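Chemist: Coordinates in my_file_3.txt, compact mmCIF, C-alpha atoms, are listed below.
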# COMPACT_ATOMS: atom_id res chain seq x y z
CA MET A 1 -4.79 -25.49 -37.56
CA ILE A 2 -8.58 -25.63 -37.35
CA LYS A 3 -8.50 -25.17 -33.57
CA LYS A 4 -6.23 -22.14 -33.96
CA LEU A 5 -8.58 -20.64 -36.54
CA VAL A 6 -11.55 -21.21 -34.26
CA LEU A 7 -9.72 -19.51 -31.38
CA ILE A 8 -8.85 -16.51 -33.58
CA ILE A 9 -12.46 -16.17 -34.71
CA ALA A 10 -13.74 -16.49 -31.13
CA LEU A 11 -11.27 -13.84 -29.94
CA SER A 12 -12.27 -11.51 -32.76
CA ILE A 13 -15.96 -11.88 -31.87
CA THR A 14 -15.21 -11.26 -28.18
CA LEU A 15 -13.15 -8.13 -28.89
CA SER A 16 -15.83 -6.80 -31.22
CA ALA A 17 -18.65 -7.31 -28.73
CA ASN A 18 -16.60 -5.86 -25.85
CA LEU A 19 -15.60 -2.78 -27.84
CA ASP A 20 -19.19 -2.13 -28.91
CA ILE A 21 -20.38 -2.37 -25.30
CA LYS A 22 -17.63 -0.06 -24.01
CA ILE A 23 -18.34 2.57 -26.69
CA GLU A 24 -22.07 2.43 -25.98
CA ASN A 25 -21.33 2.83 -22.26
CA LEU A 26 -19.09 5.81 -22.98
CA LEU A 27 -21.43 7.64 -25.36
CA GLY A 28 -24.75 6.61 -23.89
CA SER A 29 -27.33 4.49 -25.70
CA ASN A 30 -29.01 7.34 -27.59
CA THR A 31 -25.84 8.71 -29.17
CA TYR A 32 -24.50 5.23 -29.85
CA ASN A 33 -27.66 4.05 -31.62
CA THR A 34 -27.94 7.29 -33.62
CA HIS A 35 -24.39 6.93 -34.98
CA LYS A 36 -24.05 3.15 -34.93
CA ASN A 37 -23.20 2.81 -38.64
CA LEU A 38 -20.50 5.48 -38.42
CA ILE A 39 -19.08 3.90 -35.25
CA ASN A 40 -18.94 0.47 -36.90
CA PHE A 41 -17.08 2.00 -39.84
CA ILE A 42 -14.61 3.93 -37.67
CA PHE A 43 -13.85 0.91 -35.48
CA SER A 44 -13.94 -1.74 -38.19
CA LYS A 45 -10.57 -3.15 -37.10
CA LYS A 46 -11.32 -3.87 -33.45
CA SER A 47 -7.94 -5.35 -32.52
CA ASP A 48 -6.19 -2.01 -33.18
CA TYR A 49 -7.81 -0.59 -30.06
CA TYR A 50 -6.49 -3.18 -27.61
CA GLN A 51 -3.17 -3.25 -25.83
CA ASN A 52 -2.11 -6.26 -23.76
CA GLY A 53 -5.67 -7.51 -23.87
CA LYS A 54 -7.17 -4.28 -22.50
CA LEU A 55 -9.07 -1.59 -24.34
CA ASN A 56 -6.94 1.49 -25.04
CA TYR A 57 -9.29 4.29 -24.06
CA THR A 58 -6.92 6.97 -25.29
CA LEU A 59 -7.09 5.62 -28.85
CA VAL A 60 -10.85 5.04 -28.67
CA THR A 61 -11.69 8.49 -27.31
CA GLN A 62 -9.28 10.12 -29.77
CA LYS A 63 -11.20 8.52 -32.65
CA LEU A 64 -14.54 9.54 -31.19
CA SER A 65 -13.29 13.10 -30.68
CA ASN A 66 -11.88 13.30 -34.23
CA ASN A 67 -15.30 12.33 -35.57
CA ASN A 68 -17.19 14.81 -33.36
CA LEU A 69 -18.97 12.07 -31.42
CA LEU A 70 -18.05 13.29 -27.94
CA LYS A 71 -20.83 15.66 -26.88
CA LEU A 72 -19.58 17.35 -23.72
CA LYS A 73 -21.07 20.85 -23.60
CA TYR A 74 -24.26 21.58 -21.65
CA SER A 75 -26.63 24.41 -22.47
CA SER A 76 -26.09 25.86 -19.00
CA THR A 77 -24.19 25.20 -15.79
CA LYS A 78 -25.61 22.25 -13.87
CA TYR A 79 -24.77 19.64 -11.26
CA ILE A 80 -23.85 16.20 -12.56
CA ASP A 81 -23.33 12.97 -10.59
CA ILE A 82 -19.91 11.35 -10.85
CA GLU A 83 -18.90 8.02 -9.35
CA PHE A 84 -15.27 6.91 -9.42
CA LYS A 85 -14.40 3.27 -8.79
CA LEU A 86 -10.68 3.37 -8.10
CA ILE A 87 -8.80 0.07 -8.06
CA GLY A 88 -5.52 0.13 -6.14
CA GLU A 89 -4.12 2.01 -3.16
CA GLN A 90 -6.80 4.46 -2.13
CA LYS A 91 -4.76 7.46 -0.96
CA LYS A 92 -2.59 7.67 -4.05
CA SER A 93 -5.43 6.96 -6.47
CA LEU A 94 -7.64 9.62 -4.92
CA LEU A 95 -4.79 12.15 -4.96
CA ILE A 96 -4.17 11.47 -8.65
CA VAL A 97 -7.87 11.83 -9.56
CA LYS A 98 -8.22 15.11 -7.66
CA ASP A 99 -5.11 16.53 -9.32
CA ILE A 100 -6.41 15.52 -12.76
CA LEU A 101 -9.82 17.08 -12.11
CA LYS A 102 -8.08 20.36 -11.28
CA SER A 103 -5.90 20.16 -14.38
CA LEU A 104 -9.05 19.67 -16.48
CA GLY A 105 -10.64 22.78 -14.93
CA HIS A 106 -13.10 21.00 -12.61
CA TYR A 107 -12.81 22.70 -9.22
CA TYR A 108 -16.40 22.97 -8.04
CA TYR A 109 -17.58 19.70 -6.54
CA PHE A 110 -18.47 18.20 -3.21
CA THR A 111 -18.15 14.65 -1.96
CA GLN A 112 -21.38 12.72 -1.50
CA GLU A 113 -19.83 9.43 -0.43
CA ALA A 114 -16.42 7.84 -0.05
CA LYS A 115 -15.95 4.24 1.03
CA TYR A 116 -13.56 1.36 0.47
CA GLU A 117 -14.94 -2.05 -0.45
CA LYS A 118 -13.78 -5.09 -2.40
CA ASN A 119 -10.37 -3.56 -3.25
CA LYS A 120 -12.01 -0.46 -4.71
CA LEU A 121 -12.38 3.08 -3.42
CA LEU A 122 -15.85 4.34 -4.31
CA TRP A 123 -15.88 8.13 -4.48
CA LYS A 124 -19.14 9.85 -5.42
CA ILE A 125 -19.19 13.58 -6.09
CA LYS A 126 -21.57 16.28 -7.30
CA LEU A 127 -19.78 18.30 -9.95
CA LYS A 128 -20.91 21.81 -10.90
CA THR A 129 -20.01 22.43 -14.53
CA ASP A 130 -21.16 23.47 -17.98
CA VAL A 131 -19.14 20.73 -19.66
CA ALA A 132 -18.75 17.02 -18.92
CA ILE A 133 -15.37 15.53 -18.06
CA ASN A 134 -13.52 15.08 -21.34
CA PRO A 135 -12.77 11.33 -21.54
CA LEU A 136 -9.90 11.86 -23.99
CA ARG A 137 -8.09 14.35 -21.76
CA LEU A 138 -8.86 12.20 -18.73
CA SER A 139 -7.36 9.13 -20.40
CA GLN A 140 -4.29 11.07 -21.57
CA SER A 141 -3.73 12.41 -18.06
CA LEU A 142 -4.08 8.94 -16.55
CA ASP A 143 -1.58 7.54 -19.06
CA LYS A 144 1.03 9.87 -17.56
CA THR A 145 0.50 8.25 -14.15
CA ASN A 146 0.58 4.68 -15.51
CA SER A 147 -3.12 4.30 -14.67
CA LYS A 148 -5.77 2.94 -17.01
CA ILE A 149 -9.49 3.42 -17.58
CA LEU A 150 -11.36 0.11 -17.52
CA ASN A 151 -14.83 1.46 -18.16
CA ILE A 152 -16.79 4.69 -18.52
CA ILE A 153 -20.55 4.44 -18.15
CA LYS A 154 -22.82 7.32 -19.11
CA GLU A 155 -26.41 7.23 -17.86
CA GLY A 156 -28.58 9.95 -19.35
CA SER A 157 -26.79 13.29 -19.68
CA SER A 158 -25.77 13.92 -16.10
CA LYS A 159 -24.61 10.67 -14.48
CA PHE A 160 -21.22 9.07 -15.13
CA THR A 161 -19.25 6.18 -13.65
CA TYR A 162 -15.49 5.83 -14.15
CA VAL A 163 -13.72 2.55 -13.35
CA ILE A 164 -9.95 3.14 -13.22
CA ASP A 165 -7.04 0.81 -12.44
CA PHE A 166 -4.30 2.42 -10.32
CA THR A 167 -2.51 -0.83 -9.45
CA ASN A 168 0.82 0.28 -10.96
CA SER A 169 0.27 4.03 -10.73
CA LYS A 170 2.81 6.76 -10.05
CA LEU A 171 2.41 10.45 -9.38
CA ALA A 172 2.72 12.73 -12.38
CA LYS A 173 4.56 16.05 -12.53
CA VAL A 174 6.87 15.34 -9.62
CA GLU A 175 10.48 16.43 -9.41
CA ASP A 176 12.90 13.54 -9.85
CA LEU A 177 15.56 12.58 -7.33
CA THR A 178 15.42 8.88 -8.15
CA ILE A 179 18.23 9.12 -10.70
CA ASN A 180 19.71 12.60 -10.22
CA ASN A 181 21.73 13.45 -7.13
CA ASP A 182 20.64 17.07 -7.05
CA VAL A 183 17.89 19.30 -8.39
CA ILE A 184 17.22 23.06 -8.51
CA LEU A 185 13.56 24.01 -8.09
CA LYS A 186 12.01 27.35 -9.06
CA LYS A 187 9.22 29.34 -7.43
CA PRO A 188 6.44 26.91 -6.45
CA ILE A 189 2.73 27.31 -7.19
CA LYS A 190 2.03 24.48 -4.76
CA PRO A 191 4.23 22.50 -2.35
CA TYR A 192 7.09 20.66 -4.03
CA ILE A 193 6.57 16.91 -4.51
CA ILE A 194 9.79 14.98 -5.11
CA SER A 195 10.22 11.35 -6.14
CA ILE A 196 13.24 9.88 -4.40
CA ALA A 197 15.23 6.66 -4.16
CA ASN A 198 18.57 5.51 -2.76
CA ALA A 199 19.11 8.40 -0.38
CA SER A 200 19.88 8.37 3.32
CA THR A 201 20.18 12.14 3.77
CA LEU A 202 18.95 15.26 1.97
CA ASN A 203 20.54 18.69 2.13
CA ILE A 204 18.00 21.41 1.27
CA GLU A 205 19.25 24.92 0.46
CA SER A 206 16.76 27.79 0.61
CA HIS A 207 17.72 30.41 -1.99
CA THR A 208 18.58 33.99 -1.04
CA GLY A 209 15.46 36.10 -0.49
CA ASN A 210 13.39 33.30 1.06
CA ARG A 211 12.18 33.13 4.65
CA TRP A 212 11.75 29.34 4.80
CA HIS A 213 10.35 27.53 7.83
CA PRO A 214 10.66 23.82 6.91
CA ASN A 215 7.51 21.70 6.69
CA ILE A 216 8.56 18.36 5.20
CA THR A 217 6.47 15.22 4.81
CA PHE A 218 7.83 11.79 3.88
CA TYR A 219 5.55 9.28 2.11
CA ASP A 220 5.84 5.66 1.06
CA ASN A 221 4.93 4.51 -2.47
CA ASN A 222 1.22 4.45 -1.60
CA MET A 223 1.28 8.00 -0.18
CA ASN A 224 1.01 6.86 3.41
CA ILE A 225 2.74 9.33 5.71
CA ILE A 226 5.95 7.98 7.23
CA GLU A 227 7.19 11.09 9.04
CA ILE A 228 6.57 14.85 9.26
CA ILE A 229 9.23 17.42 10.17
CA LYS A 230 8.27 20.99 11.12
CA GLU A 231 10.53 23.87 12.14
CA ASN A 232 9.32 27.16 13.60
CA SER A 233 12.65 28.88 13.01
CA GLN A 234 13.78 30.23 9.64
CA LYS A 235 16.33 28.06 7.82
CA ARG A 236 18.78 28.81 4.99
CA SER A 237 20.19 25.29 4.92
CA PHE A 238 18.51 22.20 6.33
CA LYS A 239 19.77 18.61 6.42
CA VAL A 240 17.32 15.78 7.05
CA ASP A 241 17.59 12.01 7.32
CA VAL A 242 15.36 10.11 4.89
CA PRO A 243 13.23 7.44 6.60
CA THR A 244 13.31 3.89 5.29
CA ASP A 245 10.77 3.10 2.52
CA THR A 246 10.39 6.75 1.48
CA SER A 247 9.24 7.15 -2.13
CA TYR A 248 7.95 10.74 -2.14
CA ILE A 249 8.71 13.91 -0.21
CA LYS A 250 6.59 17.05 0.07
CA ILE A 251 8.41 20.29 0.90
CA ASP A 252 6.36 23.27 2.07
CA ASP A 253 6.68 26.26 4.36
CA LEU A 254 5.09 26.08 7.78
CA TYR A 255 3.37 29.45 7.34
CA SER A 256 3.16 30.50 3.68
CA LEU A 257 4.32 29.12 0.34
CA THR A 258 5.44 32.64 -0.61
CA ASN A 259 8.35 32.14 1.79
CA LEU A 260 9.80 29.82 -0.88
CA ARG A 261 9.32 32.24 -3.76
CA ARG A 262 13.04 32.18 -4.70
CA GLY A 263 13.11 28.39 -4.97
CA ILE A 264 15.31 25.74 -3.38
CA SER A 265 18.13 23.34 -4.21
CA ILE A 266 18.20 19.73 -3.01
CA THR A 267 21.17 17.36 -2.87
CA LYS A 268 20.85 13.74 -1.84
CA GLU A 269 23.61 11.92 0.01
Now that the file is in, can you turn its structure into structure tokens?

Modeler:
Amino acid sequence: MIKKLVLIIALSITLSANLDIKIENLLGSNTYNTHKNLINFIFSKKSDYYQNGKLNYTLVTQKLSNNNLLKLKYSSTKYIDIEFKLIGEQKKSLLIVKDILKSLGHYYYFTQEAKYEKNKLLWKIKLKTDVAINPLRLSQSLDKTNSKILNIIKEGSSKFTYVIDFTNSKLAKVEDLTINNDVILKKPIKPYIISIANASTLNIESHTGNRWHPNITFYDNNMNIIEIIKENSQKRSFKVDVPTDTSYIKIDDLYSLTNLRRGISITKE
């Protein structure tokens, strides 16, 4: 009984110290120290912010946002330094991060460095913006891909490091052919991405009014390209064999996405 009590106390102390460090990293030392009493009050029950032994950044950032502790706006547009440390398969993790940046309105950046070391993809960018990346919206977006923030480190006002675990990640906002046998897709704003399983053949119908020239890419679960099919001639109906180990398919037009403006229908066999 005594040993169990000691373990509970030790765990509580560890969670408390870890949470304090992570919040200070996220807010920066100046903001953290200025509002330390409020932060201690808000996060008085530390265990509520952990899930399966890991800090739940969505809950933490939601609390910070609700209490107006996330200061994101800059007085003017500036360049800030961002470093992503992405744990997991590099192609898929980088694709997910880039899609999330776009969804958050961050389009203007350039890569300073990209390298893979010690099971992490290190991606450093210069981001032109008048507002910092919103950690709450970032965490919410990552939740949808089954990816988790492990740490956010703010240094000064214009340098940030994001450590993110993509070990069990999946692509978000993809059309689903893993359960359904057919799907009807409307006018695309970007190439269709379809999640697929248990199919040997796909029959793709281009709707009336299109001028579709098939450009189809098959990917495995880590977004490595398995096969690419391109057709110069216009197709109304197109049947393709699905390569082994395919998890995702991208469907585009060889010349212009507007050639698919009427949408398509896909049936798996």

Chemist: A:Leu127, A:Ile196, A:Ile164, A:Leu202: which is nearest Ile149 of chain A, counting all atoms listed in the file?

Modeler: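 Under the stated criterion, the closest residue is A:Ile164.
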
Chemist: Which of these, A:Thr167, A:Asn68, A:Ser141, A:Ser206, has the shortest distance to Thr31 of chain A once you count all atoms listed in the file?

Modeler: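 Residue with the minimum atom-to-atom distance to Thr31 of chain A: A:Asn68.
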
Chemist: Return the single residue from A:Leu150, A:Leu101, A:Leu185, A:Ile193 that is closest to Asn18 of chain A, with distances computed using all atoms listed in the file.

Modeler: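 When distances to Asn18 of chain A are compared using all atoms listed in the file, the smallest one comes from A:Leu150.
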
Chemist: Using all atoms listed in the file, I'd like a table of the residues in segment 139-198 of chain A that come within 10 Å of segment 44-60 of chain A; for each, show the closest atom pair and its distance in Å rounded to one decimal, ordered by chain and ascending number, as JSON lines.

Modeler:
{"residue": "A:Ser139", "atom": "CA", "partner": "A:Thr58", "partner_atom": "CA", "distance": 5.4}
{"residue": "A:Gln140", "atom": "CA", "partner": "A:Thr58", "partner_atom": "CA", "distance": 6.1}
{"residue": "A:Ser141", "atom": "CA", "partner": "A:Thr58", "partner_atom": "CA", "distance": 9.6}
{"residue": "A:Leu142", "atom": "CA", "partner": "A:Thr58", "partner_atom": "CA", "distance": 9.4}
{"residue": "A:Asp143", "atom": "CA", "partner": "A:Thr58", "partner_atom": "CA", "distance": 8.2}
{"residue": "A:Lys148", "atom": "CA", "partner": "A:Tyr57", "partner_atom": "CA", "distance": 8.0}
{"residue": "A:Ile149", "atom": "CA", "partner": "A:Tyr57", "partner_atom": "CA", "distance": 6.5}
{"residue": "A:Leu150", "atom": "CA", "partner": "A:Leu55", "partner_atom": "CA", "distance": 7.4}
{"residue": "A:Asn151", "atom": "CA", "partner": "A:Tyr57", "partner_atom": "CA", "distance": 8.6}
{"residue": "A:Ile152", "atom": "CA", "partner": "A:Tyr57", "partner_atom": "CA", "distance": 9.3}

Chemist: Write a file of the selected residues as a PDB file, in the coordinates of the input, keeping C-alpha atoms.

Modeler:
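Output below, filename out_3.pdb:
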ATOM      1  CA  SER A 139      -7.360   9.130 -20.400  1.00  0.00           C
ATOM      2  CA  GLN A 140      -4.290  11.070 -21.570  1.00  0.00           C
ATOM      3  CA  SER A 141      -3.730  12.410 -18.060  1.00  0.00           C
ATOM      4  CA  LEU A 142      -4.080   8.940 -16.550  1.00  0.00           C
ATOM      5  CA  ASP A 143      -1.580   7.540 -19.060  1.00  0.00           C
ATOM      6  CA  LYS A 148      -5.770   2.940 -17.010  1.00  0.00           C
ATOM      7  CA  ILE A 149      -9.490   3.420 -17.580  1.00  0.00           C
ATOM      8  CA  LEU A 150     -11.360   0.110 -17.520  1.00  0.00           C
ATOM      9  CA  ASN A 151     -14.830   1.460 -18.160  1.00  0.00           C
ATOM     10  CA  ILE A 152     -16.790   4.690 -18.520  1.00  0.00           C
TER      11      ILE A 152
END

Chemist: Smallest atom-to-atom distance to Asp252 of chain A: which of A:Arg236, A:His207, A:Lys190, A:Lys115, using all atoms listed in the file?

Modeler: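 Looking only at the distances to Asp252 of chain A, the closest residue turns out to be A:Lys190.
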
Chemist: Between A:Phe166, A:Arg262, A:Glu89, A:Ser158, which residue has the minimum interatomic distance to Thr208 of chain A, considering all atoms listed in the file?

Modeler: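 With all atoms listed in the file as the atom set, the closest residue is A:Arg262.
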
Chemist: Please compute the atom CA of Asn210 of chain A-atom CA of Asn181 of chain A distance, one decimal, in Å.

Modeler: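 Rounded to one decimal, the two atoms are 23.0 Å apart.
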
Chemist: Could you please determine the separation between atom CA of Lys36 of chain A and atom CA of Leu104 of chain A in Å, to one decimal place?

Modeler: 29.0 Å

Chemist: Restricting the calculation to only C-alpha atoms: of A:Thr145, A:Asn30, A:Thr246, A:Ser93, which residue gets closest to Thr201 of chain A?

Modeler: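 Ranking A:Thr145, A:Asn30, A:Thr246, A:Ser93 by distance to Thr201 of chain A, first place goes to A:Thr246.
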
Chemist: Report, in Å to a single decimal, how far apart atom CA of His35 of chain A and atom CA of Lys154 of chain A are.

Modeler: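 It comes out at 16.0 Å.
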